[in-house]
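This is entry01.cif. It holds mmCIF, C-alpha atoms and all ligand atoms.
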data_data
loop_
_atom_site.label_atom_id
_atom_site.label_comp_id
_atom_site.auth_asym_id
_atom_site.auth_seq_id
_atom_site.Cartn_x
_atom_site.Cartn_y
_atom_site.Cartn_z
CA MET A 1 36.98 2.50 23.72
CA THR A 2 38.15 2.13 27.27
CA PRO A 3 36.37 4.41 29.75
CA ALA A 4 39.53 6.44 30.24
CA SER A 5 39.70 7.29 26.52
CA ILE A 6 36.24 8.94 26.56
CA PRO A 7 36.62 12.59 27.57
CA GLY A 8 35.08 13.14 30.98
CA ALA A 9 34.13 9.49 31.31
CA PHE A 10 36.57 8.59 34.02
CA PRO A 11 35.97 6.85 36.34
CA LEU A 12 32.47 5.82 35.36
CA THR A 13 29.91 7.10 32.86
CA ARG A 14 26.50 6.80 34.45
CA MET A 15 24.27 6.21 31.42
CA ARG A 16 21.41 5.41 33.76
CA ARG A 17 21.31 9.00 35.00
CA ASN A 18 19.31 10.01 31.89
CA ARG A 19 16.92 7.10 32.33
CA ARG A 20 16.06 7.79 35.94
CA HIS A 21 12.67 9.56 35.54
CA GLY A 22 9.80 9.41 33.09
CA TRP A 23 10.07 13.13 32.30
CA LEU A 24 13.78 12.75 31.65
CA ARG A 25 13.34 9.77 29.38
CA ARG A 26 10.78 11.75 27.41
CA LEU A 27 13.17 14.69 27.24
CA VAL A 28 16.05 12.69 25.76
CA SER A 29 14.04 10.36 23.50
CA GLU A 30 15.37 10.44 19.94
CA ASN A 31 12.24 9.35 18.09
CA THR A 32 8.53 9.88 18.47
CA LEU A 33 5.55 7.99 17.20
CA SER A 34 2.23 9.67 16.51
CA ALA A 35 -1.03 8.97 14.73
CA ALA A 36 0.30 11.15 11.89
CA ASP A 37 2.83 8.42 11.07
CA LEU A 38 0.22 5.76 10.43
CA ILE A 39 -1.59 4.46 7.34
CA TRP A 40 -4.42 2.02 7.90
CA PRO A 41 -4.86 -0.83 5.38
CA MET A 42 -8.54 -1.73 4.95
CA PHE A 43 -10.10 -4.76 3.28
CA VAL A 44 -13.32 -4.23 1.36
CA CYS A 45 -15.80 -6.74 -0.05
CA ASP A 46 -19.06 -6.97 -1.98
CA ARG A 47 -20.53 -10.31 -1.02
CA PRO A 48 -22.16 -10.19 2.44
CA ALA A 49 -20.58 -13.55 3.39
CA ASP A 50 -17.10 -12.07 2.88
CA CYS A 51 -17.75 -9.02 5.06
CA ALA A 52 -16.53 -10.66 8.24
CA GLU A 53 -13.48 -11.09 10.42
CA ILE A 54 -10.50 -12.72 8.70
CA PRO A 55 -9.74 -16.00 10.53
CA THR A 56 -5.96 -15.68 10.21
CA MET A 57 -6.06 -12.01 11.28
CA PRO A 58 -8.18 -11.92 14.45
CA GLY A 59 -9.55 -8.43 15.00
CA VAL A 60 -9.35 -7.44 11.29
CA THR A 61 -12.60 -7.24 9.35
CA ARG A 62 -13.51 -6.90 5.69
CA TYR A 63 -16.02 -4.07 5.20
CA ASP A 64 -18.70 -3.48 2.63
CA VAL A 65 -18.65 -0.04 1.02
CA ALA A 66 -20.87 1.59 3.65
CA GLY A 67 -18.88 -0.04 6.44
CA ALA A 68 -15.63 1.16 4.85
CA VAL A 69 -16.91 4.73 4.74
CA ALA A 70 -17.82 4.60 8.42
CA ALA A 71 -14.51 2.97 9.39
CA ALA A 72 -12.57 5.53 7.36
CA GLY A 73 -14.33 8.28 9.29
CA ARG A 74 -13.29 6.68 12.58
CA ALA A 75 -9.68 6.48 11.40
CA GLN A 76 -9.69 10.11 10.38
CA ALA A 77 -11.14 11.15 13.76
CA LEU A 78 -8.21 9.35 15.41
CA GLY A 79 -5.76 11.52 13.46
CA ILE A 80 -4.72 8.91 10.88
CA PRO A 81 -3.80 10.79 7.67
CA ALA A 82 -4.49 8.07 5.11
CA ILE A 83 -5.91 4.64 4.44
CA CYS A 84 -5.08 2.12 1.75
CA LEU A 85 -7.64 -0.17 0.17
CA PHE A 86 -7.47 -3.86 -0.68
CA PRO A 87 -10.44 -5.61 -2.27
CA SER A 88 -11.78 -9.10 -1.78
CA ILE A 89 -13.28 -9.70 -5.22
CA ASP A 90 -16.11 -12.10 -6.03
CA PRO A 91 -14.34 -15.18 -7.50
CA ALA A 92 -16.83 -15.13 -10.38
CA LEU A 93 -15.18 -11.87 -11.56
CA LYS A 94 -11.63 -13.23 -11.52
CA THR A 95 -10.17 -13.99 -14.95
CA PRO A 96 -6.72 -14.81 -16.37
CA ASP A 97 -6.41 -11.27 -17.75
CA ALA A 98 -7.71 -9.67 -14.51
CA ARG A 99 -9.87 -7.32 -16.57
CA GLU A 100 -12.05 -6.43 -13.57
CA ALA A 101 -9.04 -4.46 -12.28
CA ALA A 102 -9.64 -1.92 -15.07
CA ASN A 103 -13.42 -1.66 -14.59
CA PRO A 104 -14.13 1.96 -13.56
CA ASP A 105 -17.02 0.66 -11.47
CA ASN A 106 -15.14 -2.11 -9.67
CA LEU A 107 -15.25 -2.50 -5.89
CA VAL A 108 -12.13 -0.41 -5.31
CA CYS A 109 -13.34 2.50 -7.44
CA ARG A 110 -16.78 2.48 -5.85
CA THR A 111 -15.19 2.49 -2.39
CA VAL A 112 -12.84 5.34 -3.30
CA ARG A 113 -15.70 7.48 -4.56
CA ALA A 114 -17.80 6.80 -1.46
CA ILE A 115 -14.96 7.49 0.99
CA LYS A 116 -13.83 10.63 -0.82
CA ALA A 117 -17.41 11.97 -0.92
CA ALA A 118 -17.79 11.48 2.83
CA HIS A 119 -14.24 12.32 3.98
CA PRO A 120 -12.54 14.52 1.37
CA ASP A 121 -9.59 15.31 3.64
CA LEU A 122 -8.65 11.70 4.35
CA GLY A 123 -5.88 10.44 2.08
CA VAL A 124 -6.85 7.42 0.01
CA ILE A 125 -4.19 5.11 -1.39
CA CYS A 126 -4.98 2.32 -3.87
CA ASP A 127 -2.86 -0.76 -4.37
CA VAL A 128 -1.95 -1.44 -7.99
CA ALA A 129 -1.49 -5.17 -8.61
CA LEU A 130 -3.61 -7.81 -10.29
CA ASP A 131 -3.69 -10.52 -7.62
CA PRO A 132 -7.14 -9.71 -6.20
CA PHE A 133 -8.61 -9.85 -9.74
CA ASN A 134 -6.61 -12.58 -11.34
CA SER A 135 -7.75 -16.22 -11.45
CA ASP A 136 -4.08 -17.27 -11.12
CA GLY A 137 -3.59 -15.28 -7.90
CA HIS A 138 -0.57 -13.50 -9.38
CA ASP A 139 0.21 -9.77 -9.43
CA GLY A 140 0.61 -9.90 -13.20
CA ILE A 141 -0.68 -11.91 -16.14
CA VAL A 142 0.44 -15.52 -16.49
CA ARG A 143 1.45 -16.94 -19.90
CA ASP A 144 2.94 -20.44 -20.10
CA ASP A 145 3.46 -20.57 -16.33
CA TYR A 146 5.38 -17.30 -16.29
CA VAL A 147 4.23 -13.87 -15.13
CA VAL A 148 4.89 -11.74 -18.20
CA ASN A 149 6.16 -8.23 -17.64
CA ASP A 150 5.11 -5.81 -20.35
CA GLU A 151 1.60 -7.12 -20.87
CA SER A 152 1.09 -6.99 -17.11
CA VAL A 153 2.27 -3.38 -17.05
CA GLU A 154 -0.37 -2.46 -19.64
CA MET A 155 -3.12 -3.82 -17.40
CA LEU A 156 -1.57 -2.20 -14.30
CA VAL A 157 -1.62 1.16 -16.05
CA ARG A 158 -5.32 0.73 -16.84
CA GLN A 159 -5.94 -0.24 -13.20
CA ALA A 160 -4.07 2.80 -11.89
CA LEU A 161 -5.99 5.09 -14.25
CA VAL A 162 -9.45 3.96 -13.12
CA GLN A 163 -8.40 4.29 -9.48
CA ALA A 164 -7.03 7.79 -10.05
CA GLU A 165 -10.11 8.80 -12.01
CA ALA A 166 -12.26 7.54 -9.13
CA GLY A 167 -10.46 10.07 -6.93
CA CYS A 168 -7.72 8.31 -5.02
CA ASP A 169 -4.80 10.53 -3.99
CA ILE A 170 -1.97 8.05 -4.37
CA VAL A 171 -1.56 4.87 -6.39
CA ALA A 172 0.75 2.27 -4.91
CA PRO A 173 2.09 -0.30 -7.38
CA SER A 174 2.87 -3.44 -5.38
CA ASP A 175 3.36 -5.76 -8.32
CA MET A 176 7.17 -5.55 -8.83
CA MET A 177 6.98 -5.55 -12.63
CA ASP A 178 9.81 -3.66 -14.34
CA GLY A 179 8.96 -0.24 -15.74
CA ARG A 180 5.56 0.10 -14.14
CA VAL A 181 6.28 3.32 -12.27
CA ARG A 182 7.34 5.08 -15.47
CA ALA A 183 4.38 3.72 -17.43
CA ILE A 184 1.91 4.73 -14.71
CA ARG A 185 3.43 8.21 -14.34
CA GLN A 186 3.26 8.81 -18.10
CA ALA A 187 -0.35 7.63 -18.29
CA LEU A 188 -1.45 9.72 -15.30
CA ASP A 189 0.19 12.82 -16.74
CA ALA A 190 -1.28 12.22 -20.19
CA ALA A 191 -4.73 11.98 -18.57
CA GLY A 192 -4.18 15.26 -16.74
CA LEU A 193 -3.95 13.50 -13.38
CA ILE A 194 -0.69 15.25 -12.58
CA ASP A 195 -1.32 15.54 -8.83
CA VAL A 196 -1.99 11.86 -8.22
CA GLY A 197 1.11 10.56 -6.44
CA ILE A 198 2.95 7.26 -6.77
CA LEU A 199 4.00 5.32 -3.70
CA SER A 200 6.13 2.56 -5.14
CA TYR A 201 6.51 -0.77 -3.39
CA ALA A 202 10.12 -0.51 -4.52
CA ALA A 203 11.76 -3.17 -2.36
CA LYS A 204 9.15 -5.84 -1.92
CA TYR A 205 10.38 -9.25 -0.94
CA ALA A 206 8.94 -12.68 -1.79
CA SER A 207 7.84 -13.25 1.78
CA ALA A 208 5.94 -15.88 3.72
CA PHE A 209 4.73 -13.06 5.96
CA TYR A 210 2.01 -12.24 3.39
CA GLY A 211 0.08 -15.45 4.13
CA PRO A 212 -2.84 -13.95 6.07
CA PHE A 213 -3.26 -11.13 3.51
CA ARG A 214 -3.79 -13.68 0.77
CA ASP A 215 -6.61 -15.15 2.87
CA ALA A 216 -8.03 -11.66 3.35
CA VAL A 217 -8.25 -10.88 -0.38
CA GLY A 218 -8.98 -14.47 -1.34
CA SER A 219 -5.94 -14.87 -3.62
CA GLY A 220 -4.04 -17.44 -1.57
CA GLY A 221 -6.02 -20.52 -2.61
CA MET A 222 -5.77 -19.47 -6.27
CA LEU A 223 -2.05 -18.76 -6.31
CA LYS A 224 -0.19 -21.08 -8.65
CA GLY A 225 3.44 -21.46 -7.63
CA ASP A 226 5.13 -18.56 -5.89
CA LYS A 227 6.08 -14.94 -6.62
CA LYS A 228 9.86 -15.39 -6.70
CA THR A 229 10.26 -14.40 -10.36
CA TYR A 230 9.15 -10.86 -9.58
CA GLN A 231 9.36 -10.21 -5.82
CA MET A 232 12.82 -9.93 -4.29
CA ASP A 233 14.98 -12.62 -2.75
CA PRO A 234 15.14 -12.14 1.04
CA ALA A 235 18.90 -12.67 0.80
CA ASN A 236 19.51 -9.37 -1.00
CA THR A 237 20.07 -5.75 0.03
CA ASP A 238 22.19 -4.23 -2.75
CA GLU A 239 19.47 -5.26 -5.18
CA ALA A 240 16.92 -3.34 -3.10
CA MET A 241 19.01 -0.22 -3.54
CA ARG A 242 18.91 -0.63 -7.33
CA GLU A 243 15.14 -1.20 -7.24
CA VAL A 244 14.65 1.99 -5.23
CA ALA A 245 16.99 4.05 -7.44
CA ILE A 246 15.16 2.91 -10.57
CA ASP A 247 11.71 3.67 -9.14
CA ILE A 248 12.83 7.15 -8.10
CA ALA A 249 14.22 7.75 -11.60
CA GLU A 250 10.91 6.55 -13.07
CA GLY A 251 8.93 9.06 -11.01
CA ALA A 252 8.03 7.58 -7.62
CA ASP A 253 7.13 10.24 -5.03
CA MET A 254 7.61 7.86 -2.11
CA VAL A 255 9.08 4.41 -1.80
CA MET A 256 8.23 1.44 0.34
CA VAL A 257 10.15 -1.39 1.94
CA LYS A 258 8.09 -4.48 2.67
CA PRO A 259 7.72 -6.49 4.90
CA GLY A 260 8.58 -4.37 7.91
CA MET A 261 10.12 -5.88 11.04
CA PRO A 262 12.31 -8.51 9.33
CA TYR A 263 13.65 -5.88 6.90
CA LEU A 264 14.59 -2.95 9.15
CA ASP A 265 18.13 -3.05 7.77
CA VAL A 266 16.82 -2.43 4.26
CA LEU A 267 14.55 0.36 5.48
CA SER A 268 17.40 2.07 7.28
CA ARG A 269 19.74 1.87 4.30
CA VAL A 270 17.10 3.13 1.85
CA LYS A 271 16.21 6.11 4.03
CA GLN A 272 19.84 7.03 4.66
CA THR A 273 20.83 6.70 1.02
CA PHE A 274 17.93 8.33 -0.80
CA GLY A 275 16.31 10.54 1.84
CA LEU A 276 12.92 10.67 0.17
CA PRO A 277 9.69 9.82 2.00
CA THR A 278 10.11 6.17 2.94
CA VAL A 279 7.23 4.00 3.98
CA THR A 280 7.33 0.61 5.66
CA TYR A 281 4.58 -2.00 5.64
CA GLN A 282 4.08 -4.03 8.79
CA VAL A 283 2.40 -6.84 6.90
CA SER A 284 -0.36 -9.27 7.72
CA GLY A 285 1.94 -11.98 9.07
CA GLU A 286 3.60 -9.52 11.41
CA TYR A 287 0.16 -8.44 12.62
CA ALA A 288 -0.84 -12.07 13.14
CA MET A 289 2.37 -12.87 15.04
CA LEU A 290 1.94 -10.06 17.52
CA ARG A 291 -1.81 -10.38 17.83
CA VAL A 292 -2.06 -14.16 18.17
CA ALA A 293 0.87 -14.33 20.59
CA SER A 294 -0.68 -11.55 22.67
CA ASP A 295 -4.04 -13.34 22.70
CA ALA A 296 -2.19 -16.44 23.92
CA GLY A 297 -0.77 -14.46 26.82
CA CYS A 298 2.80 -14.20 25.55
CA PHE A 299 2.89 -10.40 25.33
CA ASP A 300 1.34 -7.26 26.72
CA TYR A 301 -0.51 -6.40 23.49
CA ARG A 302 -0.29 -2.65 23.74
CA LYS A 303 3.38 -2.61 24.71
CA ILE A 304 4.46 -5.03 22.02
CA VAL A 305 2.57 -3.15 19.30
CA LEU A 306 3.92 0.27 20.26
CA GLU A 307 7.46 -1.10 20.56
CA SER A 308 7.22 -2.62 17.09
CA LEU A 309 5.99 0.67 15.62
CA MET A 310 8.73 2.69 17.33
CA ALA A 311 11.30 0.34 15.80
CA PHE A 312 10.18 1.52 12.35
CA LYS A 313 10.62 5.16 13.35
CA ARG A 314 14.08 4.42 14.72
CA ALA A 315 15.04 2.71 11.44
CA GLY A 316 13.97 5.79 9.49
CA ALA A 317 10.36 5.27 8.39
CA ASP A 318 8.40 8.41 7.61
CA ALA A 319 5.14 6.47 7.57
CA ILE A 320 4.02 3.01 8.63
CA ILE A 321 1.28 0.96 7.02
CA THR A 322 -0.08 -1.14 9.86
CA TYR A 323 -3.22 -3.09 10.74
CA PHE A 324 -2.71 -1.74 14.26
CA ALA A 325 -3.17 1.87 13.07
CA CYS A 326 -6.52 2.57 14.72
CA GLU A 327 -5.72 0.91 18.03
CA ALA A 328 -2.29 2.53 18.18
CA ALA A 329 -3.69 5.95 17.31
CA ALA A 330 -6.25 5.61 20.11
CA TRP A 331 -3.55 4.63 22.62
CA LEU A 332 -1.30 7.48 21.53
CA LYS A 333 -4.16 9.91 22.15
CA GLU A 334 -4.54 8.90 25.81
C1 LIG A 401 -0.46 -7.66 -3.54
C2 LIG A 401 -0.08 -7.32 -2.16
C3 LIG A 401 0.32 -8.20 -1.16
C4 LIG A 401 0.42 -7.44 0.00
C5 LIG A 401 0.10 -6.13 -0.33
N1 LIG A 401 -0.18 -6.06 -1.68
C6 LIG A 401 0.51 -9.67 -1.16
C7 LIG A 401 1.45 -10.32 -2.05
O1 LIG A 401 2.31 -9.70 -2.68
O2 LIG A 401 1.32 -11.53 -2.17
C8 LIG A 401 0.76 -8.00 1.36
C9 LIG A 401 0.27 -7.21 2.52
C10 LIG A 401 0.23 -7.96 3.80
O3 LIG A 401 0.67 -9.12 3.92
O4 LIG A 401 -0.30 -7.38 4.75
N2 LIG A 401 0.40 -7.38 -4.53
#
Structure re-expressed in structure tokens:
Amino acid sequence: MTPASIPGAFPLTRMRRNRRHGWLRRLVSENTLSAADLIWPMFVCDRPADCAEIPTMPGVTRYDVAGAVAAAGRAQALGIPAICLFPSIDPALKTPDAREAANPDNLVCRTVRAIKAAHPDLGVICDVALDPFNSDGHDGIVRDDYVVNDESVEMLVRQALVQAEAGCDIVAPSDMMDGRVRAIRQALDAAGLIDVGILSYAAKYASAFYGPFRDAVGSGGMLKGDKKTYQMDPANTDEAMREVAIDIAEGADMVMVKPGMPYLDVLSRVKQTFGLPTVTYQVSGEYAMLRVASDAGCFDYRKIVLESLMAFKRAGADAIITYFACEAAAWLKE
């Protein structure tokens, strides 16, 4: 459009007028970010040697159960509505069938019970996938060098059930097997766990941005091959829309797009098309990028983190899973 074709725009539209003062910028801002938008991913461990900072994620620590309870309380005090749990399992417990995932007394279940006992009003989300428990480092069960679908789903259902019985509020299947949302929903309902929600990692890409996470849960070194036969090709968007539509039809209460920053286009399209609660995951590699570059003096840490989080709100996220949750919530309180 030429300026003259915009009603009232002639001779010059002064867009800067609305940017002139801080109060005015606040008045006209289209999106807001608050602690209530944030979900904090926490790593938990059993072996004392593991309960330490993760080298590829400076500033992120694995907690033992007592430490996780205390940290969860700090998150809740900052106004964060929910946490999600990821376990670093003793390698001696990892097997090809990942049976430890279905042990009602496994690290995740013990942590859920302890956090829920101490902080009943903090939301607890459990990841459903076999990679922390599996000696092949895959999200499902490997047979003849292939991650098999239906047998994996059976184990994922058992994993989701023990997590729900331990008291988590939401199970979040991140495995990308076909049919797992329906199978988990049916099993939860049959067990009377009708109020346990499902946050489906519906559009999860086979991404190099997960590298530091695999160090954090100790699955990276074990991973044979890659996850391209079940996670999505970064080239595709239409396929993400089918994945989301299927998971909604199978009973997902919320859907996720993952990773975050490199996939804002997918997030925006999913939110605009389906309109249901849409979560984004600013993953470990995104955390590492911003954190390590800030430590090296490239960025103002606080500004870069808050800008990245606002980008998710602008793209349509209802909630953001981020390793920055506690720091960001504290800054937003000031
Ligand atoms: C496991 C899982 C992964 C992440 C969350 N759940 C890793 C993977 O799929 O390899 C990544 C999270 C992150 O990078 O922060 N299914």
List the spatial neighbours of A:Leu130 as a short mmCIF file (atom, residue, chain, number, x, y, z; two decimals) with C-alpha atoms, in the frame of the given file - criterion: any atom at most 9 Å away, all atoms listed in the file, same-chain residues fewer than 6 positions off excluded.
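Contents of around-v3.cif, as written:
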data_model
loop_
_atom_site.label_atom_id
_atom_site.label_comp_id
_atom_site.auth_asym_id
_atom_site.auth_seq_id
_atom_site.Cartn_x
_atom_site.Cartn_y
_atom_site.Cartn_z
CA ASP A 97 -6.41 -11.27 -17.75
CA ALA A 98 -7.71 -9.67 -14.51
CA ARG A 99 -9.87 -7.32 -16.57
CA ALA A 101 -9.04 -4.46 -12.28
CA GLY A 137 -3.59 -15.28 -7.90
CA HIS A 138 -0.57 -13.50 -9.38
CA ASP A 139 0.21 -9.77 -9.43
CA GLY A 140 0.61 -9.90 -13.20
CA ILE A 141 -0.68 -11.91 -16.14
CA SER A 152 1.09 -6.99 -17.11
CA MET A 155 -3.12 -3.82 -17.40
CA LEU A 156 -1.57 -2.20 -14.30
CA GLN A 159 -5.94 -0.24 -13.20
CA ASP A 175 3.36 -5.76 -8.32
#
Computed interatomic separation between atom CA of A:Ala183 and atom CA of A:Ala160 (Å): 10.1 Å
Counting all atoms listed in the file, the option among A:Lys303, A:Arg62, A:Lys204, A:Arg110 closest to ligand LIG 401 (chain A):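 Of A:Lys303, A:Arg62, A:Lys204, A:Arg110, the one nearest ligand LIG 401 (chain A) is A:Lys204, counting all atoms listed in the file.
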Counting all atoms listed in the file, the option among A:Lys333, A:Arg242, A:Lys228, A:Arg214 closest to ligand LIG 401 (chain A):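 Checking each candidate against ligand LIG 401 (chain A), we get A:Arg214 as the closest.
Of the residues under consideration (A:Ala235, A:Val147, A:Cys126, A:Leu306), A:Cys126 shows the shortest atom-to-atom contact distance to A:Leu161 when counting only C-alpha atoms.
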Expected answer as a PyMOL selection string: all residues with atoms within 8 Å of (-7.0, 8.1, -3.3), only C-alpha atoms: chain A and resi 112+116+123-126+163-164+166-171+196
Two-atom distance - atom CA of A:Phe312, atom CA of A:Glu239 (Å): 21.0 Å
Coordinates-based distance that separates atom CA of A:Arg113 from atom CA of A:Gln76 (Å, one decimal): 16.3 Å
Residues within 7 Å of ligand LIG 401 (chain A), counting all atoms listed in the file, as a PyMOL selection string: chain A and resi 127+129+131+139+174-175+209-214+282-285
Starting from the sparse input, extend stretch 292-301 of chain A to all heavy atoms and give the output as a PDB file, in the coordinates of the input.
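The new file selection_7.pdb reads:
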ATOM      1  N   VAL A 292      -1.750 -12.804  17.705  1.00  0.00           N
ATOM      2  CA  VAL A 292      -2.060 -14.160  18.170  1.00  0.00           C
ATOM      3  C   VAL A 292      -1.231 -14.487  19.420  1.00  0.00           C
ATOM      4  O   VAL A 292      -1.732 -15.071  20.388  1.00  0.00           O
ATOM      5  CB  VAL A 292      -1.844 -15.183  17.036  1.00  0.00           C
ATOM      6  CG1 VAL A 292      -1.991 -16.606  17.528  1.00  0.00           C
ATOM      7  CG2 VAL A 292      -2.832 -14.923  15.895  1.00  0.00           C
ATOM      8  N   ALA A 293       0.027 -14.068  19.416  1.00  0.00           N
ATOM      9  CA  ALA A 293       0.870 -14.330  20.590  1.00  0.00           C
ATOM     10  C   ALA A 293       0.373 -13.530  21.800  1.00  0.00           C
ATOM     11  O   ALA A 293       0.428 -14.013  22.935  1.00  0.00           O
ATOM     12  CB  ALA A 293       2.326 -14.008  20.286  1.00  0.00           C
ATOM     13  N   SER A 294      -0.128 -12.337  21.558  1.00  0.00           N
ATOM     14  CA  SER A 294      -0.680 -11.550  22.670  1.00  0.00           C
ATOM     15  C   SER A 294      -1.943 -12.212  23.207  1.00  0.00           C
ATOM     16  O   SER A 294      -2.140 -12.320  24.417  1.00  0.00           O
ATOM     17  CB  SER A 294      -1.009 -10.119  22.225  1.00  0.00           C
ATOM     18  OG  SER A 294       0.158  -9.452  21.814  1.00  0.00           O
ATOM     19  N   ASP A 295      -2.809 -12.667  22.273  1.00  0.00           N
ATOM     20  CA  ASP A 295      -4.040 -13.340  22.700  1.00  0.00           C
ATOM     21  C   ASP A 295      -3.721 -14.596  23.506  1.00  0.00           C
ATOM     22  O   ASP A 295      -4.480 -14.995  24.381  1.00  0.00           O
ATOM     23  CB  ASP A 295      -4.902 -13.726  21.480  1.00  0.00           C
ATOM     24  CG  ASP A 295      -5.533 -12.509  20.813  1.00  0.00           C
ATOM     25  OD1 ASP A 295      -5.485 -11.399  21.398  1.00  0.00           O
ATOM     26  OD2 ASP A 295      -6.072 -12.664  19.696  1.00  0.00           O
ATOM     27  N   ALA A 296      -2.580 -15.222  23.198  1.00  0.00           N
ATOM     28  CA  ALA A 296      -2.190 -16.440  23.920  1.00  0.00           C
ATOM     29  C   ALA A 296      -1.494 -16.120  25.239  1.00  0.00           C
ATOM     30  O   ALA A 296      -1.070 -17.031  25.950  1.00  0.00           O
ATOM     31  CB  ALA A 296      -1.262 -17.279  23.035  1.00  0.00           C
ATOM     32  N   GLY A 297      -1.360 -14.838  25.538  1.00  0.00           N
ATOM     33  CA  GLY A 297      -0.770 -14.460  26.820  1.00  0.00           C
ATOM     34  C   GLY A 297       0.733 -14.287  26.809  1.00  0.00           C
ATOM     35  O   GLY A 297       1.355 -14.115  27.855  1.00  0.00           O
ATOM     36  N   CYS A 298       1.340 -14.316  25.619  1.00  0.00           N
ATOM     37  CA  CYS A 298       2.800 -14.200  25.550  1.00  0.00           C
ATOM     38  C   CYS A 298       3.278 -12.757  25.742  1.00  0.00           C
ATOM     39  O   CYS A 298       4.397 -12.534  26.204  1.00  0.00           O
ATOM     40  CB  CYS A 298       3.308 -14.685  24.203  1.00  0.00           C
ATOM     41  SG  CYS A 298       2.877 -16.383  23.843  1.00  0.00           S
ATOM     42  N   PHE A 299       2.466 -11.799  25.312  1.00  0.00           N
ATOM     43  CA  PHE A 299       2.890 -10.400  25.330  1.00  0.00           C
ATOM     44  C   PHE A 299       1.826  -9.522  25.971  1.00  0.00           C
ATOM     45  O   PHE A 299       0.644  -9.854  25.925  1.00  0.00           O
ATOM     46  CB  PHE A 299       3.050  -9.854  23.898  1.00  0.00           C
ATOM     47  CG  PHE A 299       4.097 -10.512  23.056  1.00  0.00           C
ATOM     48  CD1 PHE A 299       3.799 -10.887  21.747  1.00  0.00           C
ATOM     49  CD2 PHE A 299       5.385 -10.726  23.522  1.00  0.00           C
ATOM     50  CE1 PHE A 299       4.758 -11.455  20.932  1.00  0.00           C
ATOM     51  CE2 PHE A 299       6.351 -11.293  22.710  1.00  0.00           C
ATOM     52  CZ  PHE A 299       6.034 -11.662  21.414  1.00  0.00           C
ATOM     53  N   ASP A 300       2.259  -8.369  26.454  1.00  0.00           N
ATOM     54  CA  ASP A 300       1.340  -7.260  26.720  1.00  0.00           C
ATOM     55  C   ASP A 300       1.061  -6.628  25.355  1.00  0.00           C
ATOM     56  O   ASP A 300       1.954  -6.049  24.734  1.00  0.00           O
ATOM     57  CB  ASP A 300       2.013  -6.265  27.671  1.00  0.00           C
ATOM     58  CG  ASP A 300       1.126  -5.064  27.970  1.00  0.00           C
ATOM     59  OD1 ASP A 300       0.513  -4.509  27.023  1.00  0.00           O
ATOM     60  OD2 ASP A 300       1.062  -4.661  29.135  1.00  0.00           O
ATOM     61  N   TYR A 301      -0.154  -6.769  24.873  1.00  0.00           N
ATOM     62  CA  TYR A 301      -0.510  -6.400  23.490  1.00  0.00           C
ATOM     63  C   TYR A 301      -0.113  -4.963  23.170  1.00  0.00           C
ATOM     64  O   TYR A 301       0.568  -4.687  22.181  1.00  0.00           O
ATOM     65  CB  TYR A 301      -2.017  -6.600  23.321  1.00  0.00           C
ATOM     66  CG  TYR A 301      -2.566  -6.307  21.944  1.00  0.00           C
ATOM     67  CD1 TYR A 301      -2.039  -6.910  20.812  1.00  0.00           C
ATOM     68  CD2 TYR A 301      -3.651  -5.438  21.786  1.00  0.00           C
ATOM     69  CE1 TYR A 301      -2.568  -6.653  19.562  1.00  0.00           C
ATOM     70  CE2 TYR A 301      -4.185  -5.181  20.538  1.00  0.00           C
ATOM     71  CZ  TYR A 301      -3.643  -5.780  19.423  1.00  0.00           C
ATOM     72  OH  TYR A 301      -4.171  -5.530  18.189  1.00  0.00           O
TER      73      TYR A 301
END
